[in-house]
Amino acid sequence: MVTVLVSGTFDKLHPGHIAFFKQALQHGDDLIVNVALDETVERVKGRHPAQSLQERKTAIQQFPFVKRVVSGYPDDPYRIIEEVAPDVICLGYDQKTFTKDLRRTLAQRKIEVKVIRLRPFKPETYKSSLLP
């Protein structure tokens with residue numbers, strides 16, 4: 001079984017998120033979704049998410065193709081990767097948080113995982129920053 005990990009805020013799920021999950025699942029058998037902590041969203045995006053962490057996790061858990069929903073740690077964003085031990089990490093086409101030095105950090109921590117950047121899905125319509 002090939003485990004795929006995706007990470008993000010996933011505030012107010014929309015068809016772009018669902019397409020992202022399904023595209024990621026094309027690279028493995030089990031999809032694990034890492035939902036950003038509220039404090040991480042605030043630090044990275046400069047705003048509080050519209051939905052609480054629990055609301056965002058509950059929304060994602062409704063999809064039968066998602067095997068598990070997790071959240072990371074405020075002090076170490078890479079610790080969840082060590083715990084999940086995915087075979088593949090799929091990044092969103094515009095995902096920049098924790099990605100710049102991702103491959104180098106994974107190598108330093110001796111985490112062997114394939115990193116794949118996914119294609120956009122109607123970014124002119126379903127980009128979270130464009131939605132109300």
# chains A, B, ... in the order shown; residues from 1 in each chain; ligands from 1

$ residues_around --residues "Gln61 in chain A" --least-positions-apart "6" --cutoff "12 Å" --atoms "only C-alpha atoms" --output "list in words"
Phe10, Leu13, Ile18, Phe21, Leu31, Ile32, Val33, Asn34, Val35, Gln54, Glu55, Lys67, Arg68, Val69 and Val70 of chain A

$ select_by_dssp --residues "range 50-127 of chain A" --states "alpha helix (DSSP H)" --output "list in words"
Leu53, Gln54, Glu55, Arg56, Lys57, Thr58, Ala59, Ile60, Gln61, Arg79, Ile80, Ile81, Glu82, Glu83, Val84, Leu102, Arg103, Arg104, Thr105, Leu106, Ala107, Gln108, Pro123, Glu124, Thr125 and Tyr126 of chain A

$ write_last_selection --atoms "N, CA and C atoms" --output "PDB file, in the first residue's frame"
ATOM      1  N   LEU A  53     -10.605  24.265  13.517  1.00  0.00           N
ATOM      2  CA  LEU A  53      -9.868  23.063  13.141  1.00  0.00           C
ATOM      3  C   LEU A  53     -10.805  21.868  13.112  1.00  0.00           C
ATOM      4  N   GLN A  54     -11.618  21.711  14.136  1.00  0.00           N
ATOM      5  CA  GLN A  54     -12.521  20.558  14.192  1.00  0.00           C
ATOM      6  C   GLN A  54     -13.543  20.581  13.058  1.00  0.00           C
ATOM      7  N   GLU A  55     -14.058  21.753  12.728  1.00  0.00           N
ATOM      8  CA  GLU A  55     -15.008  21.859  11.612  1.00  0.00           C
ATOM      9  C   GLU A  55     -14.344  21.456  10.292  1.00  0.00           C
ATOM     10  N   ARG A  56     -13.114  21.907  10.096  1.00  0.00           N
ATOM     11  CA  ARG A  56     -12.401  21.586   8.861  1.00  0.00           C
ATOM     12  C   ARG A  56     -12.097  20.092   8.782  1.00  0.00           C
ATOM     13  N   LYS A  57     -11.679  19.506   9.908  1.00  0.00           N
ATOM     14  CA  LYS A  57     -11.394  18.066   9.930  1.00  0.00           C
ATOM     15  C   LYS A  57     -12.657  17.243   9.695  1.00  0.00           C
ATOM     16  N   THR A  58     -13.754  17.631  10.329  1.00  0.00           N
ATOM     17  CA  THR A  58     -15.022  16.914  10.175  1.00  0.00           C
ATOM     18  C   THR A  58     -15.492  16.954   8.722  1.00  0.00           C
ATOM     19  N   ALA A  59     -15.348  18.095   8.064  1.00  0.00           N
ATOM     20  CA  ALA A  59     -15.761  18.223   6.666  1.00  0.00           C
ATOM     21  C   ALA A  59     -14.971  17.269   5.772  1.00  0.00           C
ATOM     22  N   ILE A  60     -13.685  17.121   6.039  1.00  0.00           N
ATOM     23  CA  ILE A  60     -12.833  16.255   5.221  1.00  0.00           C
ATOM     24  C   ILE A  60     -13.113  14.780   5.492  1.00  0.00           C
ATOM     25  N   GLN A  61     -13.438  14.458   6.731  1.00  0.00           N
ATOM     26  CA  GLN A  61     -13.695  13.066   7.105  1.00  0.00           C
ATOM     27  C   GLN A  61     -14.912  12.478   6.405  1.00  0.00           C
ATOM     28  N   ARG A  79       7.195  16.998  12.038  1.00  0.00           N
ATOM     29  CA  ARG A  79       6.964  15.859  12.942  1.00  0.00           C
ATOM     30  C   ARG A  79       5.801  14.985  12.469  1.00  0.00           C
ATOM     31  N   ILE A  80       4.744  15.608  11.944  1.00  0.00           N
ATOM     32  CA  ILE A  80       3.601  14.833  11.467  1.00  0.00           C
ATOM     33  C   ILE A  80       4.005  13.961  10.287  1.00  0.00           C
ATOM     34  N   ILE A  81       4.935  14.416   9.476  1.00  0.00           N
ATOM     35  CA  ILE A  81       5.423  13.615   8.356  1.00  0.00           C
ATOM     36  C   ILE A  81       6.148  12.385   8.886  1.00  0.00           C
ATOM     37  N   GLU A  82       6.947  12.577   9.920  1.00  0.00           N
ATOM     38  CA  GLU A  82       7.637  11.428  10.524  1.00  0.00           C
ATOM     39  C   GLU A  82       6.633  10.427  11.084  1.00  0.00           C
ATOM     40  N   GLU A  83       5.580  10.911  11.714  1.00  0.00           N
ATOM     41  CA  GLU A  83       4.586  10.022  12.310  1.00  0.00           C
ATOM     42  C   GLU A  83       3.762   9.275  11.259  1.00  0.00           C
ATOM     43  N   VAL A  84       3.334   9.985  10.238  1.00  0.00           N
ATOM     44  CA  VAL A  84       2.511   9.367   9.191  1.00  0.00           C
ATOM     45  C   VAL A  84       3.350   8.434   8.323  1.00  0.00           C
ATOM     46  N   LEU A 102      11.640  21.882   1.666  1.00  0.00           N
ATOM     47  CA  LEU A 102      11.058  20.608   2.063  1.00  0.00           C
ATOM     48  C   LEU A 102      11.965  19.424   1.761  1.00  0.00           C
ATOM     49  N   ARG A 103      12.428  19.311   0.527  1.00  0.00           N
ATOM     50  CA  ARG A 103      13.262  18.159   0.155  1.00  0.00           C
ATOM     51  C   ARG A 103      14.549  18.110   0.982  1.00  0.00           C
ATOM     52  N   ARG A 104      15.155  19.259   1.173  1.00  0.00           N
ATOM     53  CA  ARG A 104      16.396  19.308   1.961  1.00  0.00           C
ATOM     54  C   ARG A 104      16.134  18.936   3.420  1.00  0.00           C
ATOM     55  N   THR A 105      15.054  19.461   3.990  1.00  0.00           N
ATOM     56  CA  THR A 105      14.711  19.155   5.376  1.00  0.00           C
ATOM     57  C   THR A 105      14.384  17.676   5.543  1.00  0.00           C
ATOM     58  N   LEU A 106      13.644  17.111   4.594  1.00  0.00           N
ATOM     59  CA  LEU A 106      13.334  15.689   4.659  1.00  0.00           C
ATOM     60  C   LEU A 106      14.616  14.858   4.612  1.00  0.00           C
ATOM     61  N   ALA A 107      15.537  15.225   3.749  1.00  0.00           N
ATOM     62  CA  ALA A 107      16.811  14.499   3.649  1.00  0.00           C
ATOM     63  C   ALA A 107      17.604  14.623   4.945  1.00  0.00           C
ATOM     64  N   GLN A 108      17.645  15.818   5.524  1.00  0.00           N
ATOM     65  CA  GLN A 108      18.363  16.018   6.788  1.00  0.00           C
ATOM     66  C   GLN A 108      17.775  15.165   7.901  1.00  0.00           C
ATOM     67  N   PRO A 123      -8.071  27.162 -11.268  1.00  0.00           N
ATOM     68  CA  PRO A 123      -7.619  28.115 -10.245  1.00  0.00           C
ATOM     69  C   PRO A 123      -8.277  29.478 -10.337  1.00  0.00           C
ATOM     70  N   GLU A 124      -8.788  29.822 -11.516  1.00  0.00           N
ATOM     71  CA  GLU A 124      -9.468  31.104 -11.662  1.00  0.00           C
ATOM     72  C   GLU A 124     -10.827  31.108 -10.981  1.00  0.00           C
ATOM     73  N   THR A 125     -11.329  29.904 -10.637  1.00  0.00           N
ATOM     74  CA  THR A 125     -12.633  29.772  -9.991  1.00  0.00           C
ATOM     75  C   THR A 125     -12.528  29.273  -8.555  1.00  0.00           C
ATOM     76  N   TYR A 126     -11.667  28.269  -8.331  1.00  0.00           N
ATOM     77  CA  TYR A 126     -11.664  27.561  -7.045  1.00  0.00           C
ATOM     78  C   TYR A 126     -10.430  27.821  -6.185  1.00  0.00           C
TER      79      TYR A 126
END

$ atom_distance --atom1 "CA of Glu42 in chain A" --atom2 "CA of Pro74 in chain A"
11.4 Å

$ select_by_dssp --residues "chain A" --states "strand (DSSP E or B)" --output "PyMOL selection string"
chain A and resi 3-8+30-35+66-70+88-91+114-117

$ atom_distance --atom1 "CA of Asp11 in chain A" --atom2 "CA of Leu37 in chain A"
11.1 Å

$ closest_residue --among "A:Tyr78, A:Pro64, A:Ala24, A:Thr9" --to "Gln51 in chain A" --atoms "only C-alpha atoms"
A:Thr9

$ closest_residue --among "A:Thr40, A:Ser71, A:Thr3, A:Thr99" --to "His27 in chain A" --atoms "only C-alpha atoms"
A:Thr3
